[in-house]
$ cat work.pdb   # PDB, N, CA and C atoms and all ligand atoms
ATOM      1  N   MET O   1      13.744  -8.759   0.740
ATOM      2  CA  MET O   1      12.576  -9.560   1.036
ATOM      3  C   MET O   1      11.596  -8.738   1.873
ATOM      4  N   SER O   2      10.318  -8.926   1.666
ATOM      5  CA  SER O   2       9.349  -8.189   2.475
ATOM      6  C   SER O   2       8.401  -9.160   3.158
ATOM      7  N   ASN O   3       7.720  -8.644   4.125
ATOM      8  CA  ASN O   3       6.902  -9.477   4.987
ATOM      9  C   ASN O   3       5.717  -8.640   5.453
ATOM     10  N   TRP O   4       4.526  -8.946   4.954
ATOM     11  CA  TRP O   4       3.332  -8.180   5.343
ATOM     12  C   TRP O   4       2.708  -8.800   6.580
ATOM     13  N   ILE O   5       2.400  -7.970   7.564
ATOM     14  CA  ILE O   5       1.741  -8.468   8.768
ATOM     15  C   ILE O   5       0.418  -7.730   8.968
ATOM     16  N   GLU O   6      -0.535  -8.458   9.536
ATOM     17  CA  GLU O   6      -1.859  -7.870   9.760
ATOM     18  C   GLU O   6      -1.805  -6.966  10.982
ATOM     19  N   VAL O   7      -2.411  -5.776  10.860
ATOM     20  CA  VAL O   7      -2.412  -4.818  11.974
ATOM     21  C   VAL O   7      -3.762  -4.844  12.691
ATOM     22  N   CYS O   8      -4.828  -4.451  12.000
ATOM     23  CA  CYS O   8      -6.159  -4.384  12.610
ATOM     24  C   CYS O   8      -7.167  -4.030  11.526
ATOM     25  N   PRO O   9      -8.462  -4.165  11.833
ATOM     26  CA  PRO O   9      -9.474  -3.681  10.883
ATOM     27  C   PRO O   9      -9.340  -2.173  10.697
ATOM     28  N   LEU O  10      -9.604  -1.718   9.471
ATOM     29  CA  LEU O  10      -9.486  -0.295   9.142
ATOM     30  C   LEU O  10     -10.319   0.573  10.083
ATOM     31  N   ASP O  11     -11.504   0.104  10.444
ATOM     32  CA  ASP O  11     -12.383   0.965  11.240
ATOM     33  C   ASP O  11     -11.975   1.057  12.713
ATOM     34  N   GLU O  12     -10.866   0.419  13.089
ATOM     35  CA  GLU O  12     -10.365   0.610  14.461
ATOM     36  C   GLU O  12      -9.582   1.907  14.612
ATOM     37  N   ILE O  13      -9.278   2.557  13.492
ATOM     38  CA  ILE O  13      -8.603   3.856  13.571
ATOM     39  C   ILE O  13      -9.536   4.910  12.981
ATOM     40  N   ASP O  14      -9.857   5.914  13.772
ATOM     41  CA  ASP O  14     -10.671   7.011  13.251
ATOM     42  C   ASP O  14      -9.845   7.808  12.252
ATOM     43  N   GLU O  15     -10.516   8.503  11.358
ATOM     44  CA  GLU O  15      -9.785   9.387  10.454
ATOM     45  C   GLU O  15      -9.112  10.487  11.263
ATOM     46  N   GLU O  16      -7.892  10.843  10.837
ATOM     47  CA  GLU O  16      -7.062  11.828  11.536
ATOM     48  C   GLU O  16      -6.765  11.371  12.962
ATOM     49  N   ASP O  17      -6.380  10.091  13.080
ATOM     50  CA  ASP O  17      -6.027   9.552  14.398
ATOM     51  C   ASP O  17      -4.856   8.584  14.233
ATOM     52  N   VAL O  18      -4.342   8.108  15.347
ATOM     53  CA  VAL O  18      -3.175   7.229  15.361
ATOM     54  C   VAL O  18      -3.360   6.199  16.473
ATOM     55  N   ILE O  19      -2.877   4.990  16.229
ATOM     56  CA  ILE O  19      -2.892   3.959  17.269
ATOM     57  C   ILE O  19      -1.491   3.347  17.377
ATOM     58  N   PRO O  20      -1.177   2.779  18.534
ATOM     59  CA  PRO O  20       0.081   2.042  18.652
ATOM     60  C   PRO O  20      -0.104   0.620  18.136
ATOM     61  N   PHE O  21       0.967   0.028  17.635
ATOM     62  CA  PHE O  21       0.916  -1.367  17.204
ATOM     63  C   PHE O  21       2.265  -1.994  17.509
ATOM     64  N   ASN O  22       2.218  -3.118  18.217
ATOM     65  CA  ASN O  22       3.450  -3.802  18.599
ATOM     66  C   ASN O  22       3.553  -5.128  17.880
ATOM     67  N   HIS O  23       4.763  -5.439  17.431
ATOM     68  CA  HIS O  23       4.981  -6.713  16.757
ATOM     69  C   HIS O  23       6.424  -7.137  16.992
ATOM     70  N   SER O  24       6.599  -8.309  17.547
ATOM     71  CA  SER O  24       7.899  -8.906  17.835
ATOM     72  C   SER O  24       8.951  -7.869  18.266
ATOM     73  N   GLU O  25       8.676  -7.289  19.387
ATOM     74  CA  GLU O  25       9.592  -6.356  20.061
ATOM     75  C   GLU O  25       9.798  -5.040  19.317
ATOM     76  N   GLN O  26       9.003  -4.800  18.281
ATOM     77  CA  GLN O  26       9.053  -3.499  17.624
ATOM     78  C   GLN O  26       7.738  -2.780  17.894
ATOM     79  N   THR O  27       7.804  -1.471  18.000
ATOM     80  CA  THR O  27       6.570  -0.713  18.189
ATOM     81  C   THR O  27       6.421   0.294  17.056
ATOM     82  N   PHE O  28       5.195   0.423  16.598
ATOM     83  CA  PHE O  28       4.875   1.252  15.441
ATOM     84  C   PHE O  28       3.757   2.221  15.813
ATOM     85  N   ALA O  29       3.610   3.251  15.014
ATOM     86  CA  ALA O  29       2.435   4.125  15.088
ATOM     87  C   ALA O  29       1.740   4.014  13.730
ATOM     88  N   ILE O  30       0.434   3.746  13.763
ATOM     89  CA  ILE O  30      -0.351   3.556  12.542
ATOM     90  C   ILE O  30      -1.346   4.713  12.455
ATOM     91  N   TYR O  31      -1.341   5.411  11.330
ATOM     92  CA  TYR O  31      -2.121   6.639  11.157
ATOM     93  C   TYR O  31      -3.169   6.446  10.069
ATOM     94  N   ARG O  32      -4.292   7.094  10.274
ATOM     95  CA  ARG O  32      -5.295   7.171   9.203
ATOM     96  C   ARG O  32      -5.524   8.648   8.927
ATOM     97  N   CYS O  33      -5.187   9.073   7.726
ATOM     98  CA  CYS O  33      -5.236  10.501   7.422
ATOM     99  C   CYS O  33      -6.657  10.916   7.055
ATOM    100  N   PRO O  34      -6.910  12.216   6.995
ATOM    101  CA  PRO O  34      -8.275  12.689   6.725
ATOM    102  C   PRO O  34      -8.835  12.165   5.406
ATOM    103  N   GLU O  35      -7.977  11.885   4.439
ATOM    104  CA  GLU O  35      -8.436  11.348   3.151
ATOM    105  C   GLU O  35      -8.691   9.845   3.236
ATOM    106  N   GLY O  36      -8.403   9.235   4.384
ATOM    107  CA  GLY O  36      -8.684   7.823   4.566
ATOM    108  C   GLY O  36      -7.497   6.903   4.332
ATOM    109  N   GLU O  37      -6.390   7.429   3.793
ATOM    110  CA  GLU O  37      -5.211   6.588   3.580
ATOM    111  C   GLU O  37      -4.571   6.224   4.917
ATOM    112  N   VAL O  38      -3.808   5.130   4.913
ATOM    113  CA  VAL O  38      -3.167   4.644   6.130
ATOM    114  C   VAL O  38      -1.651   4.738   5.962
ATOM    115  N   PHE O  39      -0.975   5.166   7.026
ATOM    116  CA  PHE O  39       0.483   5.286   7.026
ATOM    117  C   PHE O  39       1.032   4.671   8.306
ATOM    118  N   ALA O  40       2.329   4.333   8.277
ATOM    119  CA  ALA O  40       2.953   3.744   9.468
ATOM    120  C   ALA O  40       4.351   4.314   9.634
ATOM    121  N   THR O  41       4.700   4.582  10.898
ATOM    122  CA  THR O  41       6.064   4.982  11.226
ATOM    123  C   THR O  41       6.525   4.156  12.425
ATOM    124  N   SER O  42       7.822   4.243  12.711
ATOM    125  CA  SER O  42       8.272   3.694  13.978
ATOM    126  C   SER O  42       7.487   4.409  15.072
ATOM    127  N   GLY O  43       7.267   3.699  16.192
ATOM    128  CA  GLY O  43       6.318   4.201  17.176
ATOM    129  C   GLY O  43       6.865   5.203  18.155
ATOM    130  N   LEU O  44       8.189   5.312  18.246
ATOM    131  CA  LEU O  44       8.779   6.128  19.291
ATOM    132  C   LEU O  44       9.396   7.399  18.723
ATOM    133  N   CYS O  45       9.165   8.495  19.411
ATOM    134  CA  CYS O  45       9.763   9.774  19.037
ATOM    135  C   CYS O  45      11.285   9.634  19.001
ATOM    136  N   THR O  46      11.918  10.255  18.035
ATOM    137  CA  THR O  46      13.375  10.162  17.921
ATOM    138  C   THR O  46      14.079  11.079  18.913
ATOM    139  N   HIS O  47      13.335  11.870  19.651
ATOM    140  CA  HIS O  47      13.958  12.756  20.652
ATOM    141  C   HIS O  47      14.212  11.998  21.951
ATOM    142  N   GLU O  48      13.139  11.567  22.620
ATOM    143  CA  GLU O  48      13.346  10.834  23.887
ATOM    144  C   GLU O  48      12.529   9.554  23.939
ATOM    145  N   ARG O  49      12.218   9.001  22.791
ATOM    146  CA  ARG O  49      11.606   7.682  22.697
ATOM    147  C   ARG O  49      10.271   7.576  23.456
ATOM    148  N   ILE O  50       9.481   8.619  23.374
ATOM    149  CA  ILE O  50       8.111   8.591  23.893
ATOM    150  C   ILE O  50       7.202   8.046  22.796
ATOM    151  N   HIS O  51       6.147   7.293  23.172
ATOM    152  CA  HIS O  51       5.286   6.728  22.136
ATOM    153  C   HIS O  51       4.445   7.820  21.463
ATOM    154  N   LEU O  52       4.554   7.863  20.140
ATOM    155  CA  LEU O  52       3.861   8.895  19.374
ATOM    156  C   LEU O  52       2.358   8.683  19.307
ATOM    157  N   ALA O  53       1.893   7.470  19.575
ATOM    158  CA  ALA O  53       0.450   7.231  19.491
ATOM    159  C   ALA O  53      -0.319   7.990  20.561
ATOM    160  N   ASP O  54       0.389   8.532  21.558
ATOM    161  CA  ASP O  54      -0.264   9.389  22.554
ATOM    162  C   ASP O  54      -0.280  10.848  22.105
ATOM    163  N   GLY O  55       0.240  11.099  20.918
ATOM    164  CA  GLY O  55       0.344  12.469  20.428
ATOM    165  C   GLY O  55      -0.886  12.909  19.648
ATOM    166  N   LEU O  56      -0.752  14.063  19.050
ATOM    167  CA  LEU O  56      -1.866  14.708  18.353
ATOM    168  C   LEU O  56      -1.634  14.651  16.849
ATOM    169  N   VAL O  57      -2.651  14.221  16.101
ATOM    170  CA  VAL O  57      -2.564  14.173  14.639
ATOM    171  C   VAL O  57      -3.311  15.368  14.060
ATOM    172  N   MET O  58      -2.625  16.123  13.201
ATOM    173  CA  MET O  58      -3.264  17.260  12.523
ATOM    174  C   MET O  58      -2.841  17.201  11.069
ATOM    175  N   ASN O  59      -3.798  17.007  10.174
ATOM    176  CA  ASN O  59      -3.485  16.843   8.759
ATOM    177  C   ASN O  59      -2.432  15.751   8.599
ATOM    178  N   GLU O  60      -1.233  16.069   8.077
ATOM    179  CA  GLU O  60      -0.233  15.012   7.901
ATOM    180  C   GLU O  60       0.874  15.095   8.947
ATOM    181  N   ILE O  61       0.583  15.719  10.063
ATOM    182  CA  ILE O  61       1.569  15.944  11.122
ATOM    183  C   ILE O  61       1.208  15.136  12.363
ATOM    184  N   ILE O  62       2.223  14.520  12.996
ATOM    185  CA  ILE O  62       2.054  13.954  14.337
ATOM    186  C   ILE O  62       2.878  14.814  15.283
ATOM    187  N   GLU O  63       2.245  15.253  16.357
ATOM    188  CA  GLU O  63       2.940  16.061  17.354
ATOM    189  C   GLU O  63       3.196  15.205  18.580
ATOM    190  N   CYS O  64       4.449  15.094  18.961
ATOM    191  CA  CYS O  64       4.842  14.288  20.110
ATOM    192  C   CYS O  64       4.209  14.844  21.386
ATOM    193  N   PRO O  65       3.704  13.942  22.257
ATOM    194  CA  PRO O  65       3.033  14.428  23.465
ATOM    195  C   PRO O  65       3.990  14.999  24.507
ATOM    196  N   LYS O  66       5.294  14.719  24.387
ATOM    197  CA  LYS O  66       6.177  15.162  25.480
ATOM    198  C   LYS O  66       6.694  16.598  25.300
ATOM    199  N   HIS O  67       7.346  16.870  24.182
ATOM    200  CA  HIS O  67       7.884  18.237  23.996
ATOM    201  C   HIS O  67       7.340  18.876  22.722
ATOM    202  N   ASN O  68       6.273  18.317  22.184
ATOM    203  CA  ASN O  68       5.596  18.900  21.015
ATOM    204  C   ASN O  68       6.454  18.912  19.743
ATOM    205  N   GLY O  69       7.451  18.018  19.673
ATOM    206  CA  GLY O  69       8.179  17.854  18.417
ATOM    207  C   GLY O  69       7.227  17.354  17.336
ATOM    208  N   ARG O  70       7.438  17.800  16.106
ATOM    209  CA  ARG O  70       6.508  17.449  15.029
ATOM    210  C   ARG O  70       7.213  16.698  13.915
ATOM    211  N   PHE O  71       6.500  15.721  13.377
ATOM    212  CA  PHE O  71       6.967  14.941  12.230
ATOM    213  C   PHE O  71       5.858  14.904  11.187
ATOM    214  N   ASN O  72       6.264  14.808   9.917
ATOM    215  CA  ASN O  72       5.315  14.466   8.864
ATOM    216  C   ASN O  72       5.206  12.940   8.869
ATOM    217  N   TYR O  73       4.034  12.424   9.195
ATOM    218  CA  TYR O  73       3.942  10.963   9.321
ATOM    219  C   TYR O  73       3.883  10.258   7.971
ATOM    220  N   LYS O  74       3.690  11.027   6.883
ATOM    221  CA  LYS O  74       3.657  10.381   5.567
ATOM    222  C   LYS O  74       5.059  10.029   5.081
ATOM    223  N   ASN O  75       6.047  10.880   5.431
ATOM    224  CA  ASN O  75       7.418  10.594   4.977
ATOM    225  C   ASN O  75       8.426  10.513   6.123
ATOM    226  N   GLY O  76       7.952  10.716   7.366
ATOM    227  CA  GLY O  76       8.816  10.576   8.535
ATOM    228  C   GLY O  76       9.672  11.781   8.843
ATOM    229  N   GLN O  77       9.542  12.841   8.047
ATOM    230  CA  GLN O  77      10.447  13.972   8.195
ATOM    231  C   GLN O  77      10.252  14.694   9.534
ATOM    232  N   ALA O  78      11.355  14.911  10.246
ATOM    233  CA  ALA O  78      11.335  15.731  11.459
ATOM    234  C   ALA O  78      11.209  17.188  11.031
ATOM    235  N   LEU O  79      10.313  17.934  11.686
ATOM    236  CA  LEU O  79       9.979  19.278  11.208
ATOM    237  C   LEU O  79      10.582  20.387  12.057
ATOM    238  N   GLY O  80      11.553  20.069  12.895
ATOM    239  CA  GLY O  80      12.223  21.135  13.644
ATOM    240  C   GLY O  80      12.412  20.779  15.091
ATOM    241  N   ALA O  81      13.233  21.588  15.785
ATOM    242  CA  ALA O  81      13.583  21.343  17.178
ATOM    243  C   ALA O  81      12.328  21.170  18.028
ATOM    244  N   PRO O  82      12.363  20.267  19.009
ATOM    245  CA  PRO O  82      13.532  19.500  19.461
ATOM    246  C   PRO O  82      13.788  18.212  18.680
ATOM    247  N   VAL O  83      13.027  17.925  17.651
ATOM    248  CA  VAL O  83      13.288  16.683  16.912
ATOM    249  C   VAL O  83      14.113  17.001  15.666
ATOM    250  N   CYS O  84      15.176  16.244  15.456
ATOM    251  CA  CYS O  84      16.007  16.459  14.268
ATOM    252  C   CYS O  84      16.244  15.165  13.504
ATOM    253  N   GLU O  85      15.998  14.032  14.148
ATOM    254  CA  GLU O  85      16.185  12.746  13.462
ATOM    255  C   GLU O  85      14.842  12.300  12.903
ATOM    256  N   HIS O  86      14.801  11.947  11.618
ATOM    257  CA  HIS O  86      13.542  11.555  10.984
ATOM    258  C   HIS O  86      13.027  10.235  11.551
ATOM    259  N   LEU O  87      11.723  10.025  11.403
ATOM    260  CA  LEU O  87      11.109   8.748  11.782
ATOM    261  C   LEU O  87      11.255   7.768  10.635
ATOM    262  N   LYS O  88      11.434   6.517  10.956
ATOM    263  CA  LYS O  88      11.404   5.479   9.933
ATOM    264  C   LYS O  88       9.948   5.265   9.507
ATOM    265  N   THR O  89       9.727   5.090   8.221
ATOM    266  CA  THR O  89       8.363   4.835   7.740
ATOM    267  C   THR O  89       8.267   3.428   7.157
ATOM    268  N   PHE O  90       7.060   2.927   7.080
ATOM    269  CA  PHE O  90       6.797   1.565   6.598
ATOM    270  C   PHE O  90       5.637   1.608   5.608
ATOM    271  N   ASN O  91       5.694   0.746   4.621
ATOM    272  CA  ASN O  91       4.582   0.644   3.675
ATOM    273  C   ASN O  91       3.372   0.023   4.356
ATOM    274  N   THR O  92       2.202   0.468   3.923
ATOM    275  CA  THR O  92       0.961  -0.130   4.420
ATOM    276  C   THR O  92       0.066  -0.449   3.227
ATOM    277  N   LYS O  93      -0.896  -1.286   3.457
ATOM    278  CA  LYS O  93      -1.945  -1.520   2.456
ATOM    279  C   LYS O  93      -3.207  -1.919   3.203
ATOM    280  N   VAL O  94      -4.336  -1.730   2.527
ATOM    281  CA  VAL O  94      -5.623  -2.128   3.090
ATOM    282  C   VAL O  94      -6.261  -3.108   2.121
ATOM    283  N   GLU O  95      -6.572  -4.270   2.618
ATOM    284  CA  GLU O  95      -7.242  -5.298   1.807
ATOM    285  C   GLU O  95      -8.435  -5.810   2.584
ATOM    286  N   ASN O  96      -9.586  -5.818   1.963
ATOM    287  CA  ASN O  96     -10.814  -6.262   2.618
ATOM    288  C   ASN O  96     -11.015  -5.567   3.966
ATOM    289  N   ASP O  97     -10.745  -4.261   3.979
ATOM    290  CA  ASP O  97     -10.919  -3.433   5.180
ATOM    291  C   ASP O  97     -10.030  -3.858   6.344
ATOM    292  N   VAL O  98      -8.909  -4.488   6.035
ATOM    293  CA  VAL O  98      -7.917  -4.834   7.061
ATOM    294  C   VAL O  98      -6.601  -4.147   6.687
ATOM    295  N   ILE O  99      -5.937  -3.573   7.703
ATOM    296  CA  ILE O  99      -4.669  -2.873   7.489
ATOM    297  C   ILE O  99      -3.508  -3.854   7.621
ATOM    298  N   TYR O 100      -2.560  -3.751   6.688
ATOM    299  CA  TYR O 100      -1.327  -4.546   6.738
ATOM    300  C   TYR O 100      -0.132  -3.604   6.715
ATOM    301  N   LEU O 101       0.932  -4.039   7.359
ATOM    302  CA  LEU O 101       2.179  -3.286   7.462
ATOM    303  C   LEU O 101       3.286  -4.154   6.881
ATOM    304  N   GLU O 102       4.168  -3.517   6.107
ATOM    305  CA  GLU O 102       5.269  -4.275   5.511
ATOM    306  C   GLU O 102       6.529  -4.123   6.360
ATOM    307  N   LEU O 103       6.983  -5.241   6.883
ATOM    308  CA  LEU O 103       8.258  -5.252   7.601
ATOM    309  C   LEU O 103       9.348  -5.511   6.579
ATOM    310  N   ASN O 104      10.403  -4.753   6.652
ATOM    311  CA  ASN O 104      11.517  -5.001   5.744
ATOM    312  C   ASN O 104      12.499  -5.936   6.417
ATOM    313  N   THR O 105      12.757  -7.039   5.786
ATOM    314  CA  THR O 105      13.719  -7.989   6.340
ATOM    315  C   THR O 105      14.887  -8.107   5.383
ATOM    316  N   GLN O 106      16.036  -8.376   5.934
ATOM    317  CA  GLN O 106      17.234  -8.450   5.093
ATOM    318  C   GLN O 106      17.862  -9.806   5.192
TER     319      GLN O 106
HETATM  320  S1  LIG K   1      10.212  13.182  23.343
HETATM  321 FE1  LIG K   1       9.241  13.775  21.513
HETATM  322  S2  LIG K   1       9.743  15.841  21.267
HETATM  323 FE2  LIG K   1      10.813  15.235  23.053
END
$ encode --input "work.pdb" --output "C-alpha cells"
Amino acid sequence: MSNWIEVCPLDEIDEEDVIPFNHSEQTFAIYRCPEGEVFATSGLCTHERIHLADGLVMNEIIECPKHNGRFNYKNGQALGAPVCEHLKTFNTKVENDVIYLELNTQ
C-alpha cells in the first residue's frame, strides 16, 4: 500500500538544493536537481545521524555537513568512507507545482 503526502510548493526548493521535511516522527531530505526533478531520501546521514539538509548538493550528490560523507541522492548509494550504509529513498511526484512524497506502508 502507498500513501502520498504533500511536502511543499515546488518553488520552495531552489534548483540544486535540499530542504528538510518532517512527517509523523520521520525526517526526510527533499532535493531538486539541476534538471528540475525532485528526489527524496531519509533525512539523516547513515554515519552519525546528522541532518543532510544542512549539507551541500552538487549535481546528484549530497555531501554530509559533518564528515563530508557523500551519497547519490537519486538512488541513495553511499559513495565511500566514512559512509557505507546507503540512504533509503522515496518516490516523489510534482502535481500542479506541489511536491508529494510516497510513504511506503505495510
Ligand atoms: S555524520 Fe555524515 S559523514 Fe559522518
$ closest_atom_pairs --input "work.pdb" --of "chain O" --to "ligand LIG 1 (chain K)" --cutoff "5 Å" --atoms "all atoms listed in the file" --output "Markdown table"
| residue | atom | partner | partner_atom | distance |
| --- | --- | --- | --- | --- |
| O:Cys45 | CA | K:LIG1 | FE1 | 4.7 |
| O:His47 | C | K:LIG1 | S1 | 4.4 |
| O:Glu48 | N | K:LIG1 | S1 | 3.4 |
| O:Arg49 | N | K:LIG1 | S1 | 4.7 |
| O:Ile50 | N | K:LIG1 | S1 | 4.6 |
| O:Cys64 | CA | K:LIG1 | FE1 | 4.6 |
| O:Lys66 | C | K:LIG1 | FE2 | 4.9 |
| O:His67 | N | K:LIG1 | S2 | 3.9 |
| O:Asn68 | N | K:LIG1 | S2 | 4.4 |
| O:Gly69 | N | K:LIG1 | S2 | 3.5 |
$ residues_near_point --input "work.pdb" --point "(1.6, 3.5, 17.6)" --cutoff "9 Å" --atoms "only C-alpha atoms" --output "list in words"
Val18, Ile19, Pro20, Phe21, Asn22, Thr27, Phe28, Ala29, Ile30, Tyr31, Ala40, Thr41, Ser42, Gly43, Leu44, His51, Leu52, Ala53 and Asp54 of chain O
$ closest_residue --input "work.pdb" --among "O:Ser24, O:Asp17, O:Pro9, O:Arg32" --to "O:Glu63" --atoms "only C-alpha atoms"
O:Asp17
$ resolve_selection --input "work.pdb" --expression "the PyMOL selection byres (((chain O and resi 95 and name CA) around 12) and not hetatm and name CA)" --output "PyMOL selection string"
chain O and resi 4-10+38+92-94+96-101
$ residues_around --input "work.pdb" --residues "O:Thr46" --least-positions-apart "6" --cutoff "7 Å" --atoms "only N, CA and C atoms" --output "PyMOL selection string"
chain O and resi 83-87
$ select_by_dssp --input "work.pdb" --residues "stretch 16-76 of chain O" --states "strand (DSSP E)" --output "VMD selection string"
chain O and resid 17 to 23 26 to 32 38 to 42 56 to 58 61 to 63 70 to 72
$ write_last_selection --input "work.pdb" --atoms "N, CA and C atoms" --output "PDB file, in the frame of the given file"
ATOM      1  N   ASP O  17      -6.380  10.091  13.080  1.00  0.00           N
ATOM      2  CA  ASP O  17      -6.027   9.552  14.398  1.00  0.00           C
ATOM      3  C   ASP O  17      -4.856   8.584  14.233  1.00  0.00           C
ATOM      4  N   VAL O  18      -4.342   8.108  15.347  1.00  0.00           N
ATOM      5  CA  VAL O  18      -3.175   7.229  15.361  1.00  0.00           C
ATOM      6  C   VAL O  18      -3.360   6.199  16.473  1.00  0.00           C
ATOM      7  N   ILE O  19      -2.877   4.990  16.229  1.00  0.00           N
ATOM      8  CA  ILE O  19      -2.892   3.959  17.269  1.00  0.00           C
ATOM      9  C   ILE O  19      -1.491   3.347  17.377  1.00  0.00           C
ATOM     10  N   PRO O  20      -1.177   2.779  18.534  1.00  0.00           N
ATOM     11  CA  PRO O  20       0.081   2.042  18.652  1.00  0.00           C
ATOM     12  C   PRO O  20      -0.104   0.620  18.136  1.00  0.00           C
ATOM     13  N   PHE O  21       0.967   0.028  17.635  1.00  0.00           N
ATOM     14  CA  PHE O  21       0.916  -1.367  17.204  1.00  0.00           C
ATOM     15  C   PHE O  21       2.265  -1.994  17.509  1.00  0.00           C
ATOM     16  N   ASN O  22       2.218  -3.118  18.217  1.00  0.00           N
ATOM     17  CA  ASN O  22       3.450  -3.802  18.599  1.00  0.00           C
ATOM     18  C   ASN O  22       3.553  -5.128  17.880  1.00  0.00           C
ATOM     19  N   HIS O  23       4.763  -5.439  17.431  1.00  0.00           N
ATOM     20  CA  HIS O  23       4.981  -6.713  16.757  1.00  0.00           C
ATOM     21  C   HIS O  23       6.424  -7.137  16.992  1.00  0.00           C
ATOM     22  N   GLN O  26       9.003  -4.800  18.281  1.00  0.00           N
ATOM     23  CA  GLN O  26       9.053  -3.499  17.624  1.00  0.00           C
ATOM     24  C   GLN O  26       7.738  -2.780  17.894  1.00  0.00           C
ATOM     25  N   THR O  27       7.804  -1.471  18.000  1.00  0.00           N
ATOM     26  CA  THR O  27       6.570  -0.713  18.189  1.00  0.00           C
ATOM     27  C   THR O  27       6.421   0.294  17.056  1.00  0.00           C
ATOM     28  N   PHE O  28       5.195   0.423  16.598  1.00  0.00           N
ATOM     29  CA  PHE O  28       4.875   1.252  15.441  1.00  0.00           C
ATOM     30  C   PHE O  28       3.757   2.221  15.813  1.00  0.00           C
ATOM     31  N   ALA O  29       3.610   3.251  15.014  1.00  0.00           N
ATOM     32  CA  ALA O  29       2.435   4.125  15.088  1.00  0.00           C
ATOM     33  C   ALA O  29       1.740   4.014  13.730  1.00  0.00           C
ATOM     34  N   ILE O  30       0.434   3.746  13.763  1.00  0.00           N
ATOM     35  CA  ILE O  30      -0.351   3.556  12.542  1.00  0.00           C
ATOM     36  C   ILE O  30      -1.346   4.713  12.455  1.00  0.00           C
ATOM     37  N   TYR O  31      -1.341   5.411  11.330  1.00  0.00           N
ATOM     38  CA  TYR O  31      -2.121   6.639  11.157  1.00  0.00           C
ATOM     39  C   TYR O  31      -3.169   6.446  10.069  1.00  0.00           C
ATOM     40  N   ARG O  32      -4.292   7.094  10.274  1.00  0.00           N
ATOM     41  CA  ARG O  32      -5.295   7.171   9.203  1.00  0.00           C
ATOM     42  C   ARG O  32      -5.524   8.648   8.927  1.00  0.00           C
ATOM     43  N   VAL O  38      -3.808   5.130   4.913  1.00  0.00           N
ATOM     44  CA  VAL O  38      -3.167   4.644   6.130  1.00  0.00           C
ATOM     45  C   VAL O  38      -1.651   4.738   5.962  1.00  0.00           C
ATOM     46  N   PHE O  39      -0.975   5.166   7.026  1.00  0.00           N
ATOM     47  CA  PHE O  39       0.483   5.286   7.026  1.00  0.00           C
ATOM     48  C   PHE O  39       1.032   4.671   8.306  1.00  0.00           C
ATOM     49  N   ALA O  40       2.329   4.333   8.277  1.00  0.00           N
ATOM     50  CA  ALA O  40       2.953   3.744   9.468  1.00  0.00           C
ATOM     51  C   ALA O  40       4.351   4.314   9.634  1.00  0.00           C
ATOM     52  N   THR O  41       4.700   4.582  10.898  1.00  0.00           N
ATOM     53  CA  THR O  41       6.064   4.982  11.226  1.00  0.00           C
ATOM     54  C   THR O  41       6.525   4.156  12.425  1.00  0.00           C
ATOM     55  N   SER O  42       7.822   4.243  12.711  1.00  0.00           N
ATOM     56  CA  SER O  42       8.272   3.694  13.978  1.00  0.00           C
ATOM     57  C   SER O  42       7.487   4.409  15.072  1.00  0.00           C
ATOM     58  N   LEU O  56      -0.752  14.063  19.050  1.00  0.00           N
ATOM     59  CA  LEU O  56      -1.866  14.708  18.353  1.00  0.00           C
ATOM     60  C   LEU O  56      -1.634  14.651  16.849  1.00  0.00           C
ATOM     61  N   VAL O  57      -2.651  14.221  16.101  1.00  0.00           N
ATOM     62  CA  VAL O  57      -2.564  14.173  14.639  1.00  0.00           C
ATOM     63  C   VAL O  57      -3.311  15.368  14.060  1.00  0.00           C
ATOM     64  N   MET O  58      -2.625  16.123  13.201  1.00  0.00           N
ATOM     65  CA  MET O  58      -3.264  17.260  12.523  1.00  0.00           C
ATOM     66  C   MET O  58      -2.841  17.201  11.069  1.00  0.00           C
ATOM     67  N   ILE O  61       0.583  15.719  10.063  1.00  0.00           N
ATOM     68  CA  ILE O  61       1.569  15.944  11.122  1.00  0.00           C
ATOM     69  C   ILE O  61       1.208  15.136  12.363  1.00  0.00           C
ATOM     70  N   ILE O  62       2.223  14.520  12.996  1.00  0.00           N
ATOM     71  CA  ILE O  62       2.054  13.954  14.337  1.00  0.00           C
ATOM     72  C   ILE O  62       2.878  14.814  15.283  1.00  0.00           C
ATOM     73  N   GLU O  63       2.245  15.253  16.357  1.00  0.00           N
ATOM     74  CA  GLU O  63       2.940  16.061  17.354  1.00  0.00           C
ATOM     75  C   GLU O  63       3.196  15.205  18.580  1.00  0.00           C
ATOM     76  N   ARG O  70       7.438  17.800  16.106  1.00  0.00           N
ATOM     77  CA  ARG O  70       6.508  17.449  15.029  1.00  0.00           C
ATOM     78  C   ARG O  70       7.213  16.698  13.915  1.00  0.00           C
ATOM     79  N   PHE O  71       6.500  15.721  13.377  1.00  0.00           N
ATOM     80  CA  PHE O  71       6.967  14.941  12.230  1.00  0.00           C
ATOM     81  C   PHE O  71       5.858  14.904  11.187  1.00  0.00           C
ATOM     82  N   ASN O  72       6.264  14.808   9.917  1.00  0.00           N
ATOM     83  CA  ASN O  72       5.315  14.466   8.864  1.00  0.00           C
ATOM     84  C   ASN O  72       5.206  12.940   8.869  1.00  0.00           C
TER      85      ASN O  72
END
$ residues_around --input "work.pdb" --residues "O:Ile62" --least-positions-apart "4" --cutoff "8 Å" --atoms "only C-alpha atoms" --output "CSV table (one decimal) with N, CA and C atoms, in the frame of the given file"
chain,number,residue,atom,x,y,z
O,52,LEU,N,4.6,7.9,20.1
O,52,LEU,CA,3.9,8.9,19.4
O,52,LEU,C,2.4,8.7,19.3
O,55,GLY,N,0.2,11.1,20.9
O,55,GLY,CA,0.3,12.5,20.4
O,55,GLY,C,-0.9,12.9,19.6
O,56,LEU,N,-0.8,14.1,19.0
O,56,LEU,CA,-1.9,14.7,18.4
O,56,LEU,C,-1.6,14.7,16.8
O,57,VAL,N,-2.7,14.2,16.1
O,57,VAL,CA,-2.6,14.2,14.6
O,57,VAL,C,-3.3,15.4,14.1
O,58,MET,N,-2.6,16.1,13.2
O,58,MET,CA,-3.3,17.3,12.5
O,58,MET,C,-2.8,17.2,11.1
O,70,ARG,N,7.4,17.8,16.1
O,70,ARG,CA,6.5,17.4,15.0
O,70,ARG,C,7.2,16.7,13.9
O,71,PHE,N,6.5,15.7,13.4
O,71,PHE,CA,7.0,14.9,12.2
O,71,PHE,C,5.9,14.9,11.2
O,72,ASN,N,6.3,14.8,9.9
O,72,ASN,CA,5.3,14.5,8.9
O,72,ASN,C,5.2,12.9,8.9
O,73,TYR,N,4.0,12.4,9.2
O,73,TYR,CA,3.9,11.0,9.3
O,73,TYR,C,3.9,10.3,8.0
